[in-house]
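Data file: my_file16.tsv. Format and content: TSV, C-alpha atoms.
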```tsv
chain	number	residue	atom	x	y	z
A	1	MET	CA	-42.44	33.24	-41.29
A	2	SER	CA	-44.39	31.29	-38.71
A	3	ASP	CA	-46.72	34.11	-37.65
A	4	GLY	CA	-47.12	36.24	-40.75
A	5	ALA	CA	-49.49	39.07	-41.54
A	6	TRP	CA	-53.14	38.59	-42.51
A	7	ILE	CA	-53.60	40.09	-45.99
A	8	PHE	CA	-56.98	40.51	-47.70
A	9	LEU	CA	-56.96	39.87	-51.49
A	10	SER	CA	-59.57	41.92	-53.34
A	11	HIS	CA	-60.27	40.25	-56.70
A	12	SER	CA	-62.83	39.08	-59.24
A	13	HIS	CA	-63.83	35.45	-58.84
A	14	LYS	CA	-63.20	35.09	-62.60
A	15	ASP	CA	-59.50	35.57	-61.89
A	16	PHE	CA	-59.35	32.79	-59.30
A	17	ASP	CA	-56.41	30.93	-60.87
A	18	SER	CA	-54.29	34.07	-61.29
A	19	VAL	CA	-55.06	35.29	-57.79
A	20	ALA	CA	-54.25	31.85	-56.41
A	21	LYS	CA	-50.66	32.45	-57.58
A	22	VAL	CA	-50.60	35.64	-55.49
A	23	ARG	CA	-52.00	33.70	-52.54
A	24	ASN	CA	-49.37	31.00	-52.95
A	25	TYR	CA	-46.60	33.60	-53.13
A	26	LEU	CA	-47.72	35.26	-49.89
A	27	GLU	CA	-48.10	31.92	-48.15
A	28	HIS	CA	-44.58	30.99	-49.24
A	29	LYS	CA	-43.43	34.21	-47.57
A	30	GLY	CA	-45.13	33.03	-44.37
A	31	HIS	CA	-48.17	35.33	-44.53
A	32	HIS	CA	-51.88	34.48	-44.34
A	33	PRO	CA	-53.68	35.73	-47.48
A	34	LEU	CA	-57.47	35.90	-47.29
A	35	MET	CA	-59.00	34.92	-50.63
A	36	PHE	CA	-62.78	34.77	-50.43
A	37	PHE	CA	-64.89	33.09	-53.10
A	38	LEU	CA	-68.62	33.00	-52.41
A	39	LYS	CA	-70.41	30.81	-54.95
A	40	CYS	CA	-73.79	32.31	-54.06
A	41	LEU	CA	-72.70	35.80	-55.18
A	42	SER	CA	-71.63	37.17	-58.55
A	43	ASP	CA	-69.56	40.15	-59.64
A	44	ASP	CA	-72.81	42.10	-60.01
A	45	HIS	CA	-73.52	41.99	-56.27
A	46	GLU	CA	-72.33	44.68	-53.90
A	47	VAL	CA	-70.31	43.97	-50.79
A	48	ASP	CA	-72.37	43.65	-47.65
A	49	GLY	CA	-72.58	41.84	-44.35
A	50	LEU	CA	-69.81	39.39	-43.48
A	51	ILE	CA	-67.33	40.45	-46.18
A	52	ARG	CA	-67.71	44.14	-45.32
A	53	ARG	CA	-67.05	43.38	-41.66
A	54	GLU	CA	-64.06	41.24	-42.60
A	55	ILE	CA	-62.58	44.06	-44.71
A	56	GLU	CA	-63.12	46.62	-41.96
A	57	ALA	CA	-61.38	44.31	-39.46
A	58	ARG	CA	-58.24	43.93	-41.61
A	59	SER	CA	-55.22	46.17	-42.04
A	60	TRP	CA	-53.36	44.87	-45.13
A	61	PHE	CA	-54.77	44.51	-48.62
A	62	VAL	CA	-53.73	43.55	-52.14
A	63	LEU	CA	-55.97	44.95	-54.87
A	64	CYS	CA	-55.76	42.56	-57.83
A	65	LYS	CA	-56.46	44.69	-60.90
A	66	SER	CA	-57.60	43.08	-64.15
A	67	GLY	CA	-60.10	43.45	-66.96
A	68	ASN	CA	-62.48	41.26	-65.00
A	69	ALA	CA	-62.00	43.34	-61.84
A	70	GLU	CA	-62.70	46.58	-63.71
A	71	GLY	CA	-66.10	45.21	-64.75
A	72	SER	CA	-66.98	43.90	-61.31
A	73	ALA	CA	-69.33	45.88	-59.09
A	74	TRP	CA	-68.21	43.59	-56.25
A	75	VAL	CA	-64.54	44.52	-56.61
A	76	LYS	CA	-65.35	48.21	-57.02
A	77	SER	CA	-67.32	48.11	-53.76
A	78	GLU	CA	-64.46	46.33	-51.95
A	79	VAL	CA	-61.90	48.83	-53.20
A	80	GLU	CA	-64.10	51.77	-52.21
A	81	ILE	CA	-64.39	50.40	-48.68
A	82	ILE	CA	-60.66	49.66	-48.43
A	83	LYS	CA	-59.57	53.09	-49.67
A	84	GLY	CA	-62.00	54.72	-47.27
A	85	LEU	CA	-60.43	53.12	-44.20
A	86	SER	CA	-57.86	55.05	-42.18
A	87	GLU	CA	-54.54	53.52	-41.08
A	88	ARG	CA	-54.73	50.72	-43.62
A	89	THR	CA	-52.09	49.68	-46.15
A	90	TYR	CA	-52.68	48.30	-49.63
A	91	SER	CA	-50.80	47.48	-52.81
A	92	GLU	CA	-52.25	47.35	-56.31
A	93	ILE	CA	-51.03	44.73	-58.78
A	94	ASP	CA	-52.05	44.07	-62.37
A	95	ILE	CA	-52.59	40.33	-62.63
A	96	ASP	CA	-53.22	40.64	-66.39
A	97	ASP	CA	-49.61	41.76	-66.83
A	98	PRO	CA	-47.61	38.77	-68.17
A	99	ASN	CA	-44.44	40.34	-66.76
A	100	LEU	CA	-45.83	40.85	-63.25
A	101	ASP	CA	-43.01	40.58	-60.66
A	102	LEU	CA	-44.60	39.77	-57.30
A	103	ASP	CA	-41.35	40.31	-55.39
A	104	ARG	CA	-41.10	43.85	-56.71
A	105	SER	CA	-44.81	44.66	-56.65
A	106	LEU	CA	-45.48	43.43	-53.11
A	107	PHE	CA	-42.12	44.27	-51.51
A	108	SER	CA	-43.26	47.47	-49.81
A	109	LEU	CA	-46.41	45.93	-48.35
A	110	THR	CA	-44.80	42.72	-47.10
A	111	ARG	CA	-41.87	44.63	-45.63
A	112	LYS	CA	-44.14	46.95	-43.71
A	113	ALA	CA	-46.18	44.00	-42.45
A	114	THR	CA	-43.23	41.94	-41.17
A	115	VAL	CA	-41.58	42.53	-37.78
A	116	TYR	CA	-38.94	40.59	-35.84
A	117	LEU	CA	-39.00	41.23	-32.08
A	118	SER	CA	-35.63	40.98	-30.29
A	119	TYR	CA	-35.58	40.98	-26.49
A	120	ASP	CA	-34.03	39.28	-23.47
A	121	LEU	CA	-36.40	36.58	-22.21
A	122	THR	CA	-34.69	36.59	-18.77
A	123	HIS	CA	-35.24	40.34	-18.30
A	124	PRO	CA	-38.75	40.75	-16.74
A	125	ARG	CA	-39.29	44.31	-17.97
A	126	GLU	CA	-38.20	43.52	-21.54
A	127	LYS	CA	-40.35	40.39	-21.61
A	128	ALA	CA	-43.43	42.28	-20.40
A	129	VAL	CA	-42.93	45.11	-22.91
A	130	ALA	CA	-42.31	42.62	-25.73
A	131	GLU	CA	-45.56	40.81	-24.99
A	132	ARG	CA	-47.54	44.05	-25.09
A	133	ILE	CA	-45.89	45.15	-28.34
A	134	ARG	CA	-46.53	41.76	-29.93
A	135	ALA	CA	-50.21	41.83	-28.93
A	136	ALA	CA	-50.67	45.38	-30.28
A	137	LEU	CA	-49.01	44.56	-33.62
A	138	GLN	CA	-50.89	41.29	-34.06
A	139	ALA	CA	-54.15	43.13	-33.36
A	140	GLN	CA	-53.25	45.23	-36.43
A	141	ASP	CA	-52.52	42.08	-38.50
A	142	PHE	CA	-48.73	42.51	-38.48
A	143	GLY	CA	-46.67	39.37	-38.84
A	144	VAL	CA	-44.58	39.20	-35.64
A	145	PHE	CA	-41.82	36.69	-34.99
A	146	ASP	CA	-39.24	36.23	-32.26
A	147	GLY	CA	-36.64	33.59	-31.52
A	148	HIS	CA	-38.27	32.54	-28.26
A	149	SER	CA	-41.55	31.18	-29.61
A	150	MET	CA	-40.72	29.09	-32.65
A	151	ASN	CA	-43.02	26.17	-33.41
A	152	LEU	CA	-40.48	23.64	-34.63
A	153	ARG	CA	-41.24	20.46	-36.52
A	154	ALA	CA	-39.63	17.33	-35.11
A	155	THR	CA	-36.99	17.29	-37.86
A	156	GLU	CA	-36.09	21.00	-37.65
A	157	ASP	CA	-32.86	22.36	-36.18
A	158	VAL	CA	-33.40	25.45	-34.03
A	159	GLY	CA	-30.26	27.20	-35.33
A	160	GLU	CA	-31.15	26.63	-38.97
A	161	ARG	CA	-34.75	27.73	-38.43
A	162	LEU	CA	-33.72	30.89	-36.60
A	163	HIS	CA	-31.20	31.74	-39.32
A	164	ALA	CA	-33.94	31.29	-41.94
A	165	GLU	CA	-36.35	33.55	-40.04
A	166	LEU	CA	-33.69	36.26	-39.64
A	167	GLU	CA	-32.78	35.95	-43.31
A	168	GLU	CA	-36.41	36.48	-44.31
A	169	THR	CA	-36.67	39.49	-42.00
A	170	ALA	CA	-33.46	40.89	-43.49
A	171	LYS	CA	-35.02	40.65	-46.95
A	172	SER	CA	-38.50	41.87	-46.13
A	173	GLY	CA	-38.94	43.25	-42.64
A	174	ALA	CA	-37.92	45.43	-39.74
A	175	MET	CA	-36.49	44.45	-36.36
A	176	ILE	CA	-37.72	45.94	-33.10
A	177	VAL	CA	-35.04	45.63	-30.42
A	178	LEU	CA	-35.68	46.25	-26.73
A	179	VAL	CA	-32.81	48.01	-24.98
A	180	SER	CA	-32.36	48.04	-21.20
A	181	ASN	CA	-29.76	49.39	-18.77
A	182	GLU	CA	-27.79	46.22	-18.14
A	183	LEU	CA	-24.06	45.75	-17.60
A	184	GLY	CA	-24.03	43.71	-20.79
A	185	GLU	CA	-26.61	42.82	-23.39
A	186	SER	CA	-27.61	39.18	-23.66
A	187	PRO	CA	-25.49	37.08	-26.05
A	188	TRP	CA	-28.73	35.90	-27.71
A	189	LYS	CA	-29.81	39.44	-28.58
A	190	ILE	CA	-26.34	40.43	-29.78
A	191	TRP	CA	-26.30	37.38	-32.06
A	192	GLU	CA	-29.77	38.15	-33.45
A	193	LEU	CA	-28.94	41.77	-34.21
A	194	ASN	CA	-25.63	41.04	-35.85
A	195	GLN	CA	-27.10	38.19	-37.90
A	196	TYR	CA	-29.91	40.45	-39.09
A	197	ALA	CA	-27.57	43.33	-39.93
A	198	THR	CA	-25.06	41.07	-41.70
A	199	LEU	CA	-27.71	39.26	-43.73
A	200	ALA	CA	-29.39	42.51	-44.80
A	201	GLN	CA	-26.13	44.12	-45.85
A	202	THR	CA	-25.02	40.96	-47.67
A	203	LYS	CA	-28.25	41.01	-49.70
A	204	GLY	CA	-27.89	44.70	-50.45
A	205	LYS	CA	-30.85	45.63	-48.27
A	206	ALA	CA	-31.06	48.49	-45.80
A	207	VAL	CA	-30.98	47.55	-42.12
A	208	HIS	CA	-34.17	48.64	-40.37
A	209	ILE	CA	-33.89	48.50	-36.60
A	210	VAL	CA	-36.39	50.21	-34.28
A	211	PRO	CA	-34.99	50.58	-30.73
A	212	ILE	CA	-37.37	50.59	-27.76
A	213	TYR	CA	-35.59	51.88	-24.63
A	214	VAL	CA	-37.36	50.26	-21.69
A	215	ASP	CA	-35.64	52.24	-18.90
A	216	GLY	CA	-33.95	55.25	-20.47
A	217	LEU	CA	-31.63	56.03	-23.38
A	218	HIS	CA	-28.49	53.89	-23.56
A	219	PRO	CA	-25.89	53.34	-26.27
A	220	LEU	CA	-26.66	50.40	-28.52
A	221	ARG	CA	-23.36	48.73	-27.83
A	222	MET	CA	-24.37	45.50	-29.49
A	223	LEU	CA	-24.79	47.04	-32.97
A	224	PRO	CA	-22.11	47.32	-35.67
A	225	PRO	CA	-20.39	50.72	-35.23
A	226	ASP	CA	-21.09	51.86	-38.81
A	227	LEU	CA	-24.81	51.11	-38.63
A	228	VAL	CA	-27.07	54.13	-39.08
A	229	LEU	CA	-30.47	53.90	-37.41
A	230	ARG	CA	-33.30	55.29	-39.55
A	231	PHE	CA	-35.82	55.22	-36.71
A	232	GLN	CA	-35.33	57.33	-33.60
A	233	GLY	CA	-37.07	54.75	-31.44
A	234	LEU	CA	-39.12	55.15	-28.29
A	235	ASP	CA	-37.92	56.00	-24.77
A	236	LEU	CA	-40.32	54.37	-22.30
A	237	SER	CA	-38.75	56.15	-19.35
A	238	GLN	CA	-40.34	59.31	-20.72
A	239	ARG	CA	-43.53	57.90	-22.24
A	240	ASN	CA	-46.24	55.42	-21.38
A	241	LEU	CA	-46.10	52.36	-23.64
A	242	GLU	CA	-49.83	52.36	-24.34
A	243	GLU	CA	-49.60	55.96	-25.52
A	244	ALA	CA	-46.48	55.24	-27.61
A	245	LEU	CA	-47.81	52.13	-29.39
A	246	PRO	CA	-50.02	54.01	-31.91
A	247	GLU	CA	-46.97	56.06	-32.92
A	248	LEU	CA	-44.88	52.92	-33.35
A	249	ILE	CA	-47.56	51.25	-35.47
A	250	HIS	CA	-48.02	54.39	-37.56
A	251	SER	CA	-44.26	54.63	-38.18
A	252	LEU	CA	-43.97	51.00	-39.25
A	253	ARG	CA	-47.02	51.24	-41.49
A	254	ASN	CA	-46.16	54.53	-43.19
A	255	TYR	CA	-42.39	54.40	-43.58
A	256	ASP	CA	-41.42	54.81	-47.23
A	257	TRP	CA	-39.43	51.62	-47.86
A	258	ARG	CA	-39.00	52.58	-51.52
A	259	ARG	CA	-36.35	55.13	-50.51
A	260	GLU	CA	-33.99	52.28	-49.67
```
Could you write out this structure as structure tokens?
Amino acid sequence: MSDGAWIFLSHSHKDFDSVAKVRNYLEHKGHHPLMFFLKCLSDDHEVDGLIRREIEARSWFVLCKSGNAEGSAWVKSEVEIIKGLSERTYSEIDIDDPNLDLDRSLFSLTRKATVYLSYDLTHPREKAVAERIRAALQAQDFGVFDGHSMNLRATEDVGERLHAELEETAKSGAMIVLVSNELGESPWKIWELNQYATLAQTKGKAVHIVPIYVDGLHPLRMLPPDLVLRFQGLDLSQRNLEEALPELIHSLRNYDWRRE
């Protein structure tokens, strides 16, 4: 995904090669893993200064457990800081486990951190709301993608790239859809929603759509009739967006994806 989440990897420097595999996995998924290795410090040092500030500024973490990590004062300090932060999300993985399945172990975290934003670019109100939602989510290190801002390479086809992004979201993310009181929804948005729903159902995944009603509650006519929404959504005709954003972020961060 072109604008993935920023994910801090807490690990012992002695496990660099094993943790690099975790980093490579997350990068392949389109995320931005942060893997710090400071040569001037050892595992006997405690976290301070720049690294502490970096941890406190982040929202997503992977705690790489191992025999080396258990003996590291540095890692213990990092984990203590991370677990003491409110509204943060972390996953623990055992990199000493020869049967470690990164897809399974990191599914919940990467799904929570990945959001596709569907809106009508020609609708001024939707566009303005979408920009504010994107900024708020990115400030919390969410990976946010939409079909209007793809950075394509010269050889890439826009249809193939968009299909790939929607496929990745269907496997490991939620879709936020802006709904407005129009005579008909935009063909672009209808296509995005149906592609996402079809791809998710084809892969045996649950469809996670979060509706944001920009000017009152309206039927989601563009969705498949048998689709059950698991999120109630937000009605911005009744609430101020700035007040509603913390609730939206909390819901995305704390939803129990393992139930699906």
If I take atom CA of Ile55 of chain A and atom CA of Ala5 of chain A, how far is one from the other in Å, to one decimal?
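It comes out at 14.4 Å.
In terms of minimum interatomic distance to Ala164 of chain A, A:Leu199 ranks closest within A:Leu199, A:Ile249, A:Glu27, A:Asn240, counting only C-alpha atoms.
Atom pair atom CA of Ile93 of chain A / atom CA of Leu106 of chain A has a distance of 8.0 Å (rounded to one decimal).
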Quick one: pull the distance between atom CA of Trp60 of chain A and atom CA of Ile7 of chain A, Å, one decimal.
4.9 Å
With 4 Å of padding per side, what axis-aligned box (centre and edge lengths, Å, one decimal) covers all the listed atoms of segment 101-105 of chain A? Give it as JSON.
```
{"center_x": -43.0, "center_y": 42.2, "center_z": -58.0, "size_x": 11.7, "size_y": 12.9, "size_z": 13.3}
```
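Counting only C-alpha atoms and comparing A:Val79, A:Ala244, A:Leu217, A:Ala200, the residue that lies closest to Thr169 of chain A is A:Ala200.
Minimum atom-to-atom distances from A:Trp74, A:Tyr116, A:Tyr90, A:Phe61 to Leu9 of chain A were compared using all atoms listed in the file, and the lowest value belongs to A:Phe61.
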Using only C-alpha atoms, which of the listed residues (A:Asp141, A:Glu87, A:Asp235, A:Glu54) sits closest to Thr110 of chain A?
A:Asp141
Find the spatial neighbours of Val179 of chain A, counting all atoms listed in the file, within a cut-off of 7 Å - ignore same-chain residues fewer than 4 positions away - and output them as JSON, numbers by chain.
{"A": [211, 212, 213, 214]}
Could you check the closest approach to Thr202 of chain A for each of A:Gly67, A:Ala170, A:Leu248, A:Asp3 and tell me which residue wins, using only C-alpha atoms?
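That would be A:Ala170, the residue with the smallest distance to Thr202 of chain A.
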Tell me which residues come within 7 Å of (-63.6, 41.4, -58.6), as an MDAnalysis selection string, counting all atoms listed in the file in the file's coordinates.
chainID A and resid 10:13 43 68:69 72 74:75
Using the selection just defined, write its residues with C-alpha atoms as a PDB file, keeping the file's coordinate frame.
```
ATOM      1  CA  SER A  10     -59.570  41.920 -53.340  1.00  0.00           C
ATOM      2  CA  HIS A  11     -60.270  40.250 -56.700  1.00  0.00           C
ATOM      3  CA  SER A  12     -62.830  39.080 -59.240  1.00  0.00           C
ATOM      4  CA  HIS A  13     -63.830  35.450 -58.840  1.00  0.00           C
ATOM      5  CA  ASP A  43     -69.560  40.150 -59.640  1.00  0.00           C
ATOM      6  CA  ASN A  68     -62.480  41.260 -65.000  1.00  0.00           C
ATOM      7  CA  ALA A  69     -62.000  43.340 -61.840  1.00  0.00           C
ATOM      8  CA  SER A  72     -66.980  43.900 -61.310  1.00  0.00           C
ATOM      9  CA  TRP A  74     -68.210  43.590 -56.250  1.00  0.00           C
ATOM     10  CA  VAL A  75     -64.540  44.520 -56.610  1.00  0.00           C
TER      11      VAL A  75
END
```
Long-range neighbours of Lys127 of chain A as a short mmCIF file (atom, residue, chain, number, x, y, z; two decimals) with C-alpha atoms, keeping the file's coordinate frame, 10 Å cut-off, only C-alpha atoms, 6 positions minimum in chain:
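result15.cif, freshly written:
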```cif
data_model
loop_
_atom_site.label_atom_id
_atom_site.label_comp_id
_atom_site.auth_asym_id
_atom_site.auth_seq_id
_atom_site.Cartn_x
_atom_site.Cartn_y
_atom_site.Cartn_z
CA SER A 118 -35.63 40.98 -30.29
CA TYR A 119 -35.58 40.98 -26.49
CA ASP A 120 -34.03 39.28 -23.47
CA LEU A 121 -36.40 36.58 -22.21
CA ILE A 133 -45.89 45.15 -28.34
CA LEU A 178 -35.68 46.25 -26.73
#
```
Out of A:Ala128, A:Ile82, A:Val210, A:Leu26, which residue has the shortest atom-to-atom distance to Ser59 of chain A when counting all atoms listed in the file?
A:Ile82
Close residues, Asp101 of chain A itself excluded, 12 Å, only C-alpha atoms, min 6 positions apart in chain, as a short mmCIF file (atom, residue, chain, number, x, y, z; two decimals) with C-alpha atoms, in the coordinates of the input:
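Full text of out_35.cif as output:
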```cif
data_model
loop_
_atom_site.label_atom_id
_atom_site.label_comp_id
_atom_site.auth_asym_id
_atom_site.auth_seq_id
_atom_site.Cartn_x
_atom_site.Cartn_y
_atom_site.Cartn_z
CA LYS A 21 -50.66 32.45 -57.58
CA VAL A 22 -50.60 35.64 -55.49
CA TYR A 25 -46.60 33.60 -53.13
CA ILE A 93 -51.03 44.73 -58.78
CA ASP A 94 -52.05 44.07 -62.37
CA ILE A 95 -52.59 40.33 -62.63
CA PHE A 107 -42.12 44.27 -51.51
#
```
Which neighbours of Asn24 of chain A fall inside 9 Å, counting only C-alpha atoms, when residues of the same chain fewer than 5 positions from it are skipped, and could you give them as a ChimeraX atom specification?
/A:19,29,33
